[in-house]
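Visitor: First, the structure itself, so that you have it in front of you.
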Amino acid sequence: MRPLGYTRVSTVDTAVAAVGADATSTFLAGGTTEVDLIRLGVSRPDVLVDINSLPLKEIAYTNDGGLRIGALARMSDVARSPEVTYNFPALSQSLLLGASEQLRNMASMGGNLCQRTRCAYFRDAVSPCNKREPGTGCSALDGLNRGHAVLGTSEQCIATHPSDAGVAMVAFDAIVHTVGPSGARSIPIDDFYLLPGASPDVEHPLEHGELIVGIEVPPAPSARRSLYLKFRDRQSYEFALVSVAAAIEVREGRVADVRLALGGVGTKPWRARRAEVALTGGPATPQAFANAAAHELEPASPRRYNAFKVPMAQRAMVRALTRAMNGGA
Ligand SMILES: Cc1cc2nc3c(=O)[nH]c(=O)nc-3n(C[C@H](O)[C@H](O)[C@H](O)COP(=O)(O)OP(=O)(O)OC[C@H]3O[C@@H](n4cnc5c(N)ncnc54)[C@H](O)[C@@H]3O)c2cc1C
Ligand code: SF4
C-alpha cells in the first residue's frame, strides 16, 4: 500500500503554496476523477490538497450579462441555476447530460475542465501510452479506437477530451481564471486545452500549483437559444461519441452569428471554426449547414474503428443548427 498524505486548505494562497512547493502533491476537489485514477494507479500523488473549503462556489451574472462561475461550484448547481438555464441553456444541458446526478452533486466545474481522458489504455495503467508515460507509444493507434478522436490527433495520441461542459464553454469563448505560484492570469478556454502534438502528457498550459479559481462566460447574442446535443451508446451515464454545442442568430434568412463546438471527435473540446466561417453571412438553410459541417470534418483522420464519427458528426451539426435556429425545438 502506498502512503498518501492529505491536507485541507482554506485560502487560495495556501492552496497554491501547498501544491506549488511540492511536485508530488495535487489538488483534490470533488475527487470523482482524481480518486478513481489513484485507485487505478494512473495518478500517483504523495499528497492531496483538499480545496473544498475555498470560497469559490459562486454562480452569478457579470455586469454585462455574462456569467461568473466559481471553480468549486458543483455541476448540478450550475446546471440548475436560473442564470445558466435562462441565458446559456447549452451549458446547462451539457452538464445535465454528463455523468449521473450523484456524481454531478460532487463534481466541481474546475475538476470537470481538468478531467483526464477515458481512453482505456490510459486508464489500465499498463499499456503503452504516451499520455500516461511519455515515449512508450500509443496503443490506440492500431488498437480499439472506436471512441477516439478524428480531429486534432497526432501520431503520439488520439484520445478525446471527455468534458461535455468544456464543449459548451468553448462555444461561448469562456475564460479560465487562475492563480498560480507566478500570480493570477486569465486564459481563453480554447488555449486552456492543448493539442497532443509530440507531448500528449501536457494537456493544459498550467504550471504546477496553478489553481483554477473561476470561469467567466461572456454574453453572446445567440446564447439564449443555444442547445447541446449528445449522442452516445446509451442514454445516460455515458460519454459522448459525438456531441454538439450550437447557437445561431439568423437575420433575414442569413446567419448573423453562429457558435459551434464538438465533443467526442476532437483531442480537445473542438471549436468548429471552419464551419462557423463558412456559415457566417450566408443563407441559413439545411444545405448550407450540411456544406459547412462537411467542411469542418475535411481534415479528419479516422482510424480503423472510428470512421463512423465523421458522418455522424456532420449529421449532428446539421441537426443542432436546425434546432437552435428553431428555438431549440
Ligand atoms: C462514471 C463517470 C461518468 C462520467 N461521465 C461524464 C460525462 O458524461 N461527461 C462529463 O463531462 N464528465 C463525466 N464524468 C467526469 C466528471 O464530470 C468529472 O469526474 C468531474 O467533473 C471532476 O470534478 P471533481 O471536482 O470531482 O474533480 P477531481 O476529481 O477532484 O479533480 C480532477 C482533476 O482536476 C484537478 N483540479 C480539480 N479542481 C481544480 C482546480 N480548481 N484547479 C486546478 N486543478 C483542479 C485535480 O487535481 C485533478 O487532477 C464522469 C465521471 C465518472 C466517474
Ligand atoms: S490515445 Fe493517447 S491516451 Fe490513449 S493510448 Fe494513445 S497516447 Fe495513451
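Convention: chains lettered A, B, ... in C-alpha cells order; per-chain residue numbering from 1; ligands numbered from 1 as shown.
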Which residues of chain A have any atom within 6 Å of an atom in ligand 1 when counting only C-alpha atoms and all ligand atoms, and what is the closest pair of atoms for each, with the distance in Å to one decimal? Order the rows by chain and rising number and write it as JSON lines.
Guide:
```
{"residue": "A:Thr26", "atom": "CA", "partner": "ligand 1", "partner_atom_place_in_ligand_line": "47 (O)", "distance": 5.0}
{"residue": "A:Phe27", "atom": "CA", "partner": "ligand 1", "partner_atom_place_in_ligand_line": "47 (O)", "distance": 3.8}
{"residue": "A:Leu28", "atom": "CA", "partner": "ligand 1", "partner_atom_place_in_ligand_line": "30 (O)", "distance": 4.2}
{"residue": "A:Ala29", "atom": "CA", "partner": "ligand 1", "partner_atom_place_in_ligand_line": "30 (O)", "distance": 3.4}
{"residue": "A:Gly30", "atom": "CA", "partner": "ligand 1", "partner_atom_place_in_ligand_line": "26 (O)", "distance": 3.3}
{"residue": "A:Gly31", "atom": "CA", "partner": "ligand 1", "partner_atom_place_in_ligand_line": "29 (O)", "distance": 3.3}
{"residue": "A:Thr32", "atom": "CA", "partner": "ligand 1", "partner_atom_place_in_ligand_line": "26 (O)", "distance": 3.7}
{"residue": "A:Thr33", "atom": "CA", "partner": "ligand 1", "partner_atom_place_in_ligand_line": "29 (O)", "distance": 3.4}
{"residue": "A:Glu34", "atom": "CA", "partner": "ligand 1", "partner_atom_place_in_ligand_line": "29 (O)", "distance": 3.8}
{"residue": "A:Ala71", "atom": "CA", "partner": "ligand 1", "partner_atom_place_in_ligand_line": "41 (N)", "distance": 5.0}
{"residue": "A:Gly98", "atom": "CA", "partner": "ligand 1", "partner_atom_place_in_ligand_line": "8 (O)", "distance": 3.4}
{"residue": "A:Ala99", "atom": "CA", "partner": "ligand 1", "partner_atom_place_in_ligand_line": "5 (N)", "distance": 3.2}
{"residue": "A:Ala107", "atom": "CA", "partner": "ligand 1", "partner_atom_place_in_ligand_line": "25 (O)", "distance": 3.8}
{"residue": "A:Ser108", "atom": "CA", "partner": "ligand 1", "partner_atom_place_in_ligand_line": "25 (O)", "distance": 3.6}
{"residue": "A:Gly110", "atom": "CA", "partner": "ligand 1", "partner_atom_place_in_ligand_line": "41 (N)", "distance": 4.3}
{"residue": "A:Gly111", "atom": "CA", "partner": "ligand 1", "partner_atom_place_in_ligand_line": "23 (O)", "distance": 3.4}
{"residue": "A:Asn112", "atom": "CA", "partner": "ligand 1", "partner_atom_place_in_ligand_line": "21 (O)", "distance": 3.1}
{"residue": "A:Cys114", "atom": "CA", "partner": "ligand 1", "partner_atom_place_in_ligand_line": "34 (O)", "distance": 4.3}
{"residue": "A:Gln115", "atom": "CA", "partner": "ligand 1", "partner_atom_place_in_ligand_line": "32 (C)", "distance": 4.9}
{"residue": "A:Pro162", "atom": "CA", "partner": "ligand 1", "partner_atom_place_in_ligand_line": "11 (O)", "distance": 5.7}
{"residue": "A:Ser163", "atom": "CA", "partner": "ligand 1", "partner_atom_place_in_ligand_line": "11 (O)", "distance": 3.4}
{"residue": "A:Asp164", "atom": "CA", "partner": "ligand 1", "partner_atom_place_in_ligand_line": "11 (O)", "distance": 4.0}
{"residue": "A:Ala165", "atom": "CA", "partner": "ligand 1", "partner_atom_place_in_ligand_line": "11 (O)", "distance": 5.7}
{"residue": "A:Leu211", "atom": "CA", "partner": "ligand 1", "partner_atom_place_in_ligand_line": "42 (N)", "distance": 3.8}
{"residue": "A:Ile212", "atom": "CA", "partner": "ligand 1", "partner_atom_place_in_ligand_line": "42 (N)", "distance": 3.7}
{"residue": "A:Val213", "atom": "CA", "partner": "ligand 1", "partner_atom_place_in_ligand_line": "41 (N)", "distance": 5.7}
{"residue": "A:Tyr237", "atom": "CA", "partner": "ligand 1", "partner_atom_place_in_ligand_line": "3 (C)", "distance": 5.6}
{"residue": "A:Glu238", "atom": "CA", "partner": "ligand 1", "partner_atom_place_in_ligand_line": "8 (O)", "distance": 4.9}
{"residue": "A:Phe239", "atom": "CA", "partner": "ligand 1", "partner_atom_place_in_ligand_line": "8 (O)", "distance": 4.1}
```
Visitor: Name the residues, by chain letter and number, that sit within 8 Å of ligand 2 using only C-alpha atoms and all ligand atoms, and give them as a list in words.
Guide: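 With only C-alpha atoms and all ligand atoms and a cut-off of 8 Å, ligand 2 is contacted by Thr117, Arg118, Cys119, Ala120, Tyr121, Phe122, Ser127, Pro128, Cys129, Asn130, Lys131, Arg132, Gly137, Cys138, Ser139, Ala140, Leu141, Asn145, His148, Gln156, Cys157, Ile158, Ala159, Thr160 and Pro200 of chain A.
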Visitor: From the set A:Gly180, A:Gly66, A:Pro196, A:Gly328, which residue has the shortest atom-to-atom contact distance to Gly209 in chain A, counting only C-alpha atoms?
Guide: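 Looking only at the distances to Gly209 in chain A, the closest residue turns out to be A:Gly180.
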Visitor: What's around range 229-231 of chain A at 9 Å? Count only C-alpha atoms, leave out sequence neighbours fewer than 3 positions away in its own chain, and write the answer as a list in words.
Guide: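 Returned residues: Ala90, Gln93, Ser94, Leu97, Asp164, Arg234, Gln235, Phe239, Ala240, Leu241, Val242, Ser243, Val244, Ala245, Ala246, Gly263, Ala316, Met317, Arg319 and Ala320 of chain A.
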Visitor: Keeping only all heavy atoms, write those residues as a compact mmCIF listing (two decimals), in the first residue's frame.
Guide:
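Writing the result to result_16.txt gives the following:
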```txt
# COMPACT_ATOMS: atom_id res chain seq x y z
N ALA A 90 -27.32 25.83 -23.43
CA ALA A 90 -26.42 24.75 -23.88
C ALA A 90 -25.48 24.31 -22.76
O ALA A 90 -25.15 23.13 -22.65
CB ALA A 90 -25.60 25.21 -25.09
N GLN A 93 -27.55 22.16 -20.36
CA GLN A 93 -27.81 20.83 -20.94
C GLN A 93 -26.55 19.98 -20.97
O GLN A 93 -26.59 18.77 -20.71
CB GLN A 93 -28.38 21.00 -22.36
CG GLN A 93 -29.75 21.63 -22.40
CD GLN A 93 -30.08 22.30 -23.72
OE1 GLN A 93 -29.37 22.13 -24.73
NE2 GLN A 93 -31.16 23.08 -23.75
N SER A 94 -25.41 20.60 -21.27
CA SER A 94 -24.16 19.82 -21.34
C SER A 94 -23.83 19.22 -19.98
O SER A 94 -23.30 18.11 -19.87
CB SER A 94 -23.00 20.69 -21.84
OG SER A 94 -22.61 21.63 -20.83
N LEU A 97 -26.40 16.32 -19.13
CA LEU A 97 -26.20 15.11 -19.95
C LEU A 97 -24.90 14.39 -19.59
O LEU A 97 -24.52 13.42 -20.25
CB LEU A 97 -26.22 15.48 -21.44
CG LEU A 97 -27.59 15.89 -21.99
CD1 LEU A 97 -27.46 16.49 -23.39
CD2 LEU A 97 -28.53 14.69 -22.03
N ASP A 164 -18.10 17.38 -21.28
CA ASP A 164 -19.22 17.95 -22.03
C ASP A 164 -19.30 19.46 -21.80
O ASP A 164 -19.48 20.23 -22.74
CB ASP A 164 -20.54 17.31 -21.59
CG ASP A 164 -20.68 15.88 -22.10
OD1 ASP A 164 -20.76 15.71 -23.32
OD2 ASP A 164 -20.67 14.95 -21.28
N ARG A 234 -25.49 4.71 -24.79
CA ARG A 234 -26.72 4.56 -24.01
C ARG A 234 -27.13 5.94 -23.53
O ARG A 234 -26.31 6.85 -23.47
CB ARG A 234 -26.54 3.59 -22.85
CG ARG A 234 -25.41 3.98 -21.96
CD ARG A 234 -25.15 3.02 -20.83
NE ARG A 234 -24.02 3.53 -20.07
CZ ARG A 234 -23.28 2.84 -19.24
NH1 ARG A 234 -23.54 1.59 -19.04
NH2 ARG A 234 -22.28 3.40 -18.60
N GLN A 235 -28.36 6.05 -23.13
CA GLN A 235 -28.94 7.38 -22.92
C GLN A 235 -28.51 8.09 -21.65
O GLN A 235 -28.79 9.26 -21.48
CB GLN A 235 -30.48 7.27 -22.94
CG GLN A 235 -31.08 7.64 -24.29
CD GLN A 235 -30.58 8.97 -24.86
OE1 GLN A 235 -29.60 9.02 -25.62
NE2 GLN A 235 -31.23 10.06 -24.50
N PHE A 239 -20.23 8.69 -21.84
CA PHE A 239 -19.53 9.77 -22.52
C PHE A 239 -19.98 9.84 -23.98
O PHE A 239 -20.52 8.89 -24.53
CB PHE A 239 -18.02 9.55 -22.42
CG PHE A 239 -17.52 9.71 -21.01
CD1 PHE A 239 -17.50 8.64 -20.14
CD2 PHE A 239 -17.13 10.96 -20.55
CE1 PHE A 239 -17.08 8.79 -18.83
CE2 PHE A 239 -16.70 11.12 -19.24
CZ PHE A 239 -16.68 10.03 -18.37
N ALA A 240 -19.71 10.99 -24.61
CA ALA A 240 -20.20 11.23 -25.96
C ALA A 240 -19.40 10.47 -27.02
O ALA A 240 -18.17 10.41 -26.94
CB ALA A 240 -20.14 12.72 -26.26
N LEU A 241 -20.10 9.92 -28.00
CA LEU A 241 -19.44 9.52 -29.25
C LEU A 241 -19.28 10.79 -30.08
O LEU A 241 -18.25 11.04 -30.66
CB LEU A 241 -20.28 8.48 -29.99
CG LEU A 241 -20.30 7.09 -29.36
CD1 LEU A 241 -21.36 6.21 -30.03
CD2 LEU A 241 -18.93 6.43 -29.45
N VAL A 242 -20.36 11.55 -30.12
CA VAL A 242 -20.36 12.86 -30.78
C VAL A 242 -21.28 13.77 -29.97
O VAL A 242 -22.34 13.33 -29.53
CB VAL A 242 -20.91 12.77 -32.22
CG1 VAL A 242 -21.14 14.16 -32.80
CG2 VAL A 242 -20.00 11.97 -33.13
N SER A 243 -20.87 15.00 -29.76
CA SER A 243 -21.79 15.97 -29.17
C SER A 243 -21.58 17.31 -29.87
O SER A 243 -20.52 17.54 -30.48
CB SER A 243 -21.57 16.11 -27.66
OG SER A 243 -20.31 16.66 -27.39
N VAL A 244 -22.59 18.15 -29.77
CA VAL A 244 -22.52 19.46 -30.43
C VAL A 244 -23.13 20.53 -29.53
O VAL A 244 -24.24 20.35 -29.03
CB VAL A 244 -23.33 19.50 -31.76
CG1 VAL A 244 -23.07 20.81 -32.51
CG2 VAL A 244 -23.01 18.32 -32.64
N ALA A 245 -22.41 21.61 -29.32
CA ALA A 245 -22.98 22.82 -28.73
C ALA A 245 -23.20 23.79 -29.88
O ALA A 245 -22.26 24.06 -30.65
CB ALA A 245 -22.04 23.42 -27.69
N ALA A 246 -24.42 24.30 -30.00
CA ALA A 246 -24.72 25.18 -31.14
C ALA A 246 -25.55 26.38 -30.69
O ALA A 246 -26.42 26.26 -29.83
CB ALA A 246 -25.49 24.41 -32.21
N GLY A 263 -17.91 17.72 -29.28
CA GLY A 263 -17.30 16.82 -28.31
C GLY A 263 -17.23 15.42 -28.90
O GLY A 263 -17.96 15.10 -29.84
N ALA A 316 -24.96 15.43 -36.90
CA ALA A 316 -25.26 16.04 -35.60
C ALA A 316 -25.19 17.56 -35.68
O ALA A 316 -26.00 18.27 -35.08
CB ALA A 316 -24.28 15.52 -34.55
N MET A 317 -24.22 18.08 -36.43
CA MET A 317 -24.10 19.54 -36.57
C MET A 317 -25.32 20.11 -37.29
O MET A 317 -25.86 21.15 -36.89
CB MET A 317 -22.82 19.89 -37.34
CG MET A 317 -21.56 19.64 -36.53
SD MET A 317 -20.07 19.66 -37.56
CE MET A 317 -19.80 21.40 -37.71
N ARG A 319 -28.31 18.83 -37.44
CA ARG A 319 -29.48 18.75 -36.56
C ARG A 319 -29.42 19.83 -35.47
O ARG A 319 -30.42 20.49 -35.18
CB ARG A 319 -29.57 17.37 -35.90
CG ARG A 319 -30.89 17.21 -35.16
CD ARG A 319 -30.99 15.92 -34.39
NE ARG A 319 -30.97 14.73 -35.24
CZ ARG A 319 -31.10 13.49 -34.76
NH1 ARG A 319 -31.27 13.29 -33.46
NH2 ARG A 319 -31.07 12.45 -35.56
N ALA A 320 -28.25 20.02 -34.91
CA ALA A 320 -28.12 21.01 -33.82
C ALA A 320 -28.38 22.42 -34.35
O ALA A 320 -29.09 23.21 -33.70
CB ALA A 320 -26.73 20.92 -33.20
```
Visitor: Using DSSP on the backbone, list every residue of range 141-328 of chain A that comes out as strand (DSSP E), and give them as an MDAnalysis selection string.
Guide: chainID A and resid 175:180 183:188 211:217 227:231 242:251 254:263 270:271
Visitor: Step one, run DSSP on the backbone; step two, keep only residues of range 4-98 of chain A assigned to helix (DSSP H, G or I); then write them as a ChimeraX atom specification.
Guide: /A:12-20,34-40,75-80,82-87,89-96
Visitor: Keeping only C-alpha atoms, write those residues as an mmCIF file, in the first residue's frame.
Guide:
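After the write, result14.cif holds the following:
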```cif
data_model
loop_
_atom_site.group_PDB
_atom_site.id
_atom_site.type_symbol
_atom_site.label_atom_id
_atom_site.label_comp_id
_atom_site.auth_asym_id
_atom_site.auth_seq_id
_atom_site.Cartn_x
_atom_site.Cartn_y
_atom_site.Cartn_z
ATOM 1 C CA VAL A 12 -6.404 30.280 -2.333
ATOM 2 C CA ASP A 13 -2.894 31.373 -1.343
ATOM 3 C CA THR A 14 -2.325 28.425 0.973
ATOM 4 C CA ALA A 15 -3.688 26.050 -1.681
ATOM 5 C CA VAL A 16 -1.296 27.398 -4.303
ATOM 6 C CA ALA A 17 1.613 27.407 -1.865
ATOM 7 C CA ALA A 18 0.897 23.847 -0.697
ATOM 8 C CA VAL A 19 0.814 22.317 -4.185
ATOM 9 C CA GLY A 20 3.345 24.719 -5.730
ATOM 10 C CA GLU A 34 -8.732 12.027 -9.078
ATOM 11 C CA VAL A 35 -9.672 9.296 -6.593
ATOM 12 C CA ASP A 36 -10.536 6.904 -9.466
ATOM 13 C CA LEU A 37 -7.164 7.498 -11.074
ATOM 14 C CA ILE A 38 -5.305 6.994 -7.793
ATOM 15 C CA ARG A 39 -7.108 3.693 -7.271
ATOM 16 C CA LEU A 40 -6.201 2.624 -10.811
ATOM 17 C CA MET A 75 -22.019 20.644 -11.760
ATOM 18 C CA SER A 76 -25.593 20.114 -10.535
ATOM 19 C CA ASP A 77 -25.807 23.616 -9.010
ATOM 20 C CA VAL A 78 -24.537 25.250 -12.194
ATOM 21 C CA ALA A 79 -26.833 23.158 -14.395
ATOM 22 C CA ARG A 80 -29.914 24.204 -12.426
ATOM 23 C CA PRO A 82 -31.526 30.227 -13.342
ATOM 24 C CA GLU A 83 -28.653 32.365 -14.633
ATOM 25 C CA VAL A 84 -27.403 29.394 -16.659
ATOM 26 C CA THR A 85 -30.646 27.745 -17.750
ATOM 27 C CA TYR A 86 -32.074 31.050 -18.983
ATOM 28 C CA ASN A 87 -29.127 32.702 -20.710
ATOM 29 C CA PRO A 89 -29.105 26.699 -21.992
ATOM 30 C CA ALA A 90 -26.422 24.747 -23.883
ATOM 31 C CA LEU A 91 -24.194 24.905 -20.819
ATOM 32 C CA SER A 92 -26.960 23.669 -18.535
ATOM 33 C CA GLN A 93 -27.815 20.835 -20.939
ATOM 34 C CA SER A 94 -24.157 19.819 -21.344
ATOM 35 C CA LEU A 95 -23.900 19.424 -17.573
ATOM 36 C CA LEU A 96 -27.174 17.535 -17.163
#
```
Visitor: Excluding Glu216 in chain A and residues on its chain fewer than 6 positions from it, collect all residues at most 8 Å away from it, counting only C-alpha atoms, and give them as a PyMOL selection string.
Guide: chain A and resi 66-69+174-177
Visitor: Between A:Arg315, A:Arg225, A:Arg259, A:Arg304, which residue has the minimum interatomic distance to Ala290 in chain A, considering only C-alpha atoms?
Guide: A:Arg315
Visitor: Can you work out which one of A:Ala125, A:Val217, A:Ala294, A:Val277 has the shortest atom-to-atom distance to Ser43 in chain A, counting only C-alpha atoms?
Guide: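 Of all the options, A:Ala125 lies closest to Ser43 in chain A.
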Visitor: Which value, in Å to one decimal, gives the distance between CA of Asp257 in chain A and CA of Ala171 in chain A?
Guide: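 Between CA of Asp257 in chain A and CA of Ala171 in chain A the gap works out to 11.8 Å.
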